[in-house]
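What follows is a short report on a single structure.
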Amino acid sequence: MKITFIGGGNMAGAMIGGLIHHGSTPSHICAVETDAMRRQQLAEACGVTVTASIPDGIHGSEIVILAVKPQQLRAVANQAAQFLQNKLVISIAAGVRASDLSQWLNRHEFVIRAMPNTPALIGEGITGLYALPLVDSRQKEQATTILEAIGTVIWVNEEAQLDAVTALSGSGPAYVFYFLEAMQEAGTQLGLTADTAKQLAMQTFLGATHLAAQSNDTLATLRMKVTSQGGTTEQALLSMEQADIRGAFIRAMHAACDRSRQMGEIFGRT
Ligand SMILES: NC(=O)C1=CN([C@@H]2O[C@H](COP(=O)(O)OP(=O)(O)OC[C@H]3O[C@@H](n4cnc5c(N)ncnc54)[C@H](O)[C@@H]3O)[C@@H](O)[C@H]2O)C=CC1
Ligand SMILES: O=C(O)[C@@H]1CCC=N1
């Protein structure tokens, strides 16, 4: 199965890296990229075919993954439309609705909207998927197979849920890195070296996440099992509650979800 990415930036790079890591043949992957330096990087780092031409890149591919910025999607769709025939199109652009993309692609019916995340690069991604009604089960299986190569796949029945997926797992790696940065910064203020603080922070995330995945306890119970009465964790959590960190976090994710919907309006129905 030959796959073409249109747009070879950060997310396409993570997906291509993940696919190759999982055993895909580099020559079966093509990236259409307008930036010459980025084309060279992709060819050298991944060994995939690169081109600046959309028709050349799409030729011979069964699946076309649109991985440009949301504001670039309409122009790219207009250029690609006449070369698609019955190919499956998967868009990873945040916000832009599958039905709008279908219109730009001359009412192309085989459109899936996907929201992956950057841990795809190491096969630890998670992708939310939504298909237009006429996408058949074979095409859905193809999309599942491709995206399972870079992690876990979750299908949603209502496209609006993809805005929530975007706010949670699409943007989520950035929240984790932000939190890790804060833990590292605090660790160094408390006398640890930056490397030691980073190692402690990262392994704490990994360990706690694996524990939560394997445990039958709720997240709240797991938290309480760390929190000794009169102890250190209690003081830290009290400080976080006083600063309304939980509320701030929830508001932040609402802001991300609102922005995804807004991008659907701004870059979609114009
Ligand atoms: N970065 C992330 O964590 C995630 C990004 N996304 C979505 O993926 C899409 C791409 O995001 P990034 O990779 O972060 O952006 P990026 O800016 O790194 O990549 C976009 C690439 O498209 C290229 N490009 C622009 N116009 C083009 C054209 N006409 N033909 C071919 N290539 C063209 C650019 O040169 C650039 O390399 C966005 O729509 C974003 O919403 C989705 C999930 C996660
Ligand atoms: O920030 C963004 O808009 C994209 C979508 C999810 C992650 N990056």
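Each chain in the structure tokens gets a letter, A, B, ..., in the order shown, and its residues are numbered from 1; ligands are numbered from 1 in order too.
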### Message
Distance limit 7 Å, reference ligand 2, atoms considered: only C-alpha atoms and all ligand atoms. Which residues make the cut? Give them as a ChimeraX atom specification.
### Response
/A:94,117,166,170-171
Write the residues of the preceding selection, restricted to C-alpha atoms, as a compact mmCIF listing (two decimals), in the first residue's frame.
```
# COMPACT_ATOMS: atom_id res chain seq x y z
CA ALA A 94 -7.03 20.51 13.32
CA ASN A 117 -0.28 13.17 18.20
CA THR A 166 -7.76 17.53 19.65
CA GLY A 170 -3.75 16.06 19.99
CA SER A 171 -2.43 18.98 22.01
```
### Query
Quick one: residues within 9 Å of ligand 1, with only C-alpha atoms and all ligand atoms, as number ranges by chain?
A: 5-14, 31-36, 38-39, 51-54, 66-73, 75-77, 79, 91-96, 114-119, 127, 166, 169-174, 260
### Message
Which residues are near A:Leu105? Cut-off 6 Å, only C-alpha atoms, ignore same chain within fewer than 3 positions. Put them as a list in words.
### Response
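Here the answer would be Ala77, Ala81, Ser102 and His108 of chain A.
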### Shell of 9 Å around stretch 147-152 of chain A, only C-alpha atoms, local chain residues under 4 positions omitted, as a list of chain:residue names
A:Ala14, A:Met15, A:Ile16, A:Gly17, A:Gly18, A:Leu19, A:Ile20, A:His21, A:His22, A:Gly23, A:Ser24, A:Pro116, A:Pro119, A:Ala120, A:Leu121, A:Ile122, A:Gly123, A:Glu124, A:Gly125, A:Ile126, A:Thr127, A:Gly128, A:Gln142, A:Ala143
### Message
DSSP on the backbone: which residues in stretch 28-59 of chain A end up as helix (DSSP H, G or I)? Give the answer as a list in words.
### Response
His28, Ala36, Met37, Arg38, Arg39, Gln40, Gln41, Leu42, Ala43, Glu44, Ala45, Cys46, Ile54, Pro55, Asp56, Gly57 and Ile58 of chain A
### Task
Please identify all polymer residues within 8 Å of A:Cys30, counting only C-alpha atoms, omitting same-chain residues fewer than 2 positions from it, and present them as a list in words.
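Within the cut-off, the hits are Lys2, Ile3, Thr4, Phe5, Ser27, His28, Val32, Val48, Thr49, Val50, Thr51 and Gly57 of chain A.
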### Query
How many Å separate atom CA of A:Ala208 from atom CA of A:Gly247?
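For atom CA of A:Ala208 relative to atom CA of A:Gly247, the distance reads 21.6 Å.
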### Query
So which one's closest to A:Leu211, A:Arg113, A:Arg74, A:Arg223, A:His254? Using only C-alpha atoms, please.
A:Arg223
### Message
From the options A:Leu219, A:Ile146, A:Ala243, A:Val176, which residue's atoms come nearest to A:Phe205, counting only C-alpha atoms?
### Response
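Once distances to A:Phe205 are computed over only C-alpha atoms, the minimum belongs to A:Val176.
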### Task
Compare A:Ala182, A:Met1, A:Leu88, A:Cys257 by their minimum atom-to-atom distance to A:Ala160, counting only C-alpha atoms, and give me the closest one.
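Closest candidate: A:Cys257.
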### Query
Among stretch 42-223 of chain A, which residues carry a DSSP assignment of strand (DSSP E or B), reported as a list of chain:residue names?
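After running DSSP on the backbone, stretch 42-223 of chain A has strand (DSSP E or B) at A:Thr49, A:Val50, A:Thr51, A:Ile63, A:Val64, A:Ile65, A:Leu66, A:Leu88, A:Val89, A:Ile90, A:Ser91, A:Val111, A:Ile112, A:Arg113, A:Ala114, A:Met115, A:Gly125, A:Ile126, A:Thr127, A:Gly128, A:Leu129, A:Tyr130, A:Ala131, A:Gly151, A:Thr152, A:Val153, A:Ile154, A:Trp155.
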Keeping only C-alpha atoms, take the residues you just selected and write them out as a compact mmCIF listing (two decimals), in the first residue's frame.
```txt
# COMPACT_ATOMS: atom_id res chain seq x y z
CA THR A 49 10.45 9.65 -1.84
CA VAL A 50 10.08 13.43 -1.81
CA THR A 51 8.66 15.82 -4.36
CA ILE A 63 -3.99 6.73 0.37
CA VAL A 64 -3.34 10.46 0.59
CA ILE A 65 -2.72 12.01 4.00
CA LEU A 66 -3.19 15.78 4.11
CA LEU A 88 -8.85 7.46 0.44
CA VAL A 89 -8.04 10.92 1.80
CA ILE A 90 -7.12 11.32 5.46
CA SER A 91 -6.81 14.85 6.82
CA VAL A 111 -12.62 11.40 3.44
CA ILE A 112 -11.49 10.57 6.96
CA ARG A 113 -10.59 13.24 9.50
CA ALA A 114 -7.90 12.16 11.94
CA MET A 115 -6.31 13.67 15.01
CA GLY A 125 0.68 7.86 19.56
CA ILE A 126 -3.08 7.89 19.84
CA THR A 127 -5.33 8.94 16.98
CA GLY A 128 -9.01 9.84 16.95
CA LEU A 129 -10.76 9.09 13.64
CA TYR A 130 -14.03 10.12 12.04
CA ALA A 131 -15.22 8.97 8.60
CA GLY A 151 -0.08 3.77 18.21
CA THR A 152 -3.66 3.35 19.36
CA VAL A 153 -6.74 4.20 17.30
CA ILE A 154 -10.11 5.43 18.53
CA TRP A 155 -13.09 5.94 16.18
```
### Query
Could you work out how far atom CA of A:Thr232 lies from atom CA of A:Leu206, giving the answer in Å with one decimal?
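Atom-to-atom, atom CA of A:Leu206 and atom CA of A:Thr232 are spaced 21.0 Å apart.
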### Query
Within 12 Å of A:Thr221, counting only C-alpha atoms, which residues qualify if same-chain residues fewer than 6 places away don't, as a list in words?
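With the cut-off at 12 Å, the set is Leu211, Ala212, Ser215 and Thr227 of chain A.
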### Query
Which distance in Å separates atom CA of A:Met202 and atom CA of A:Gln184, to one decimal?
9.1 Å
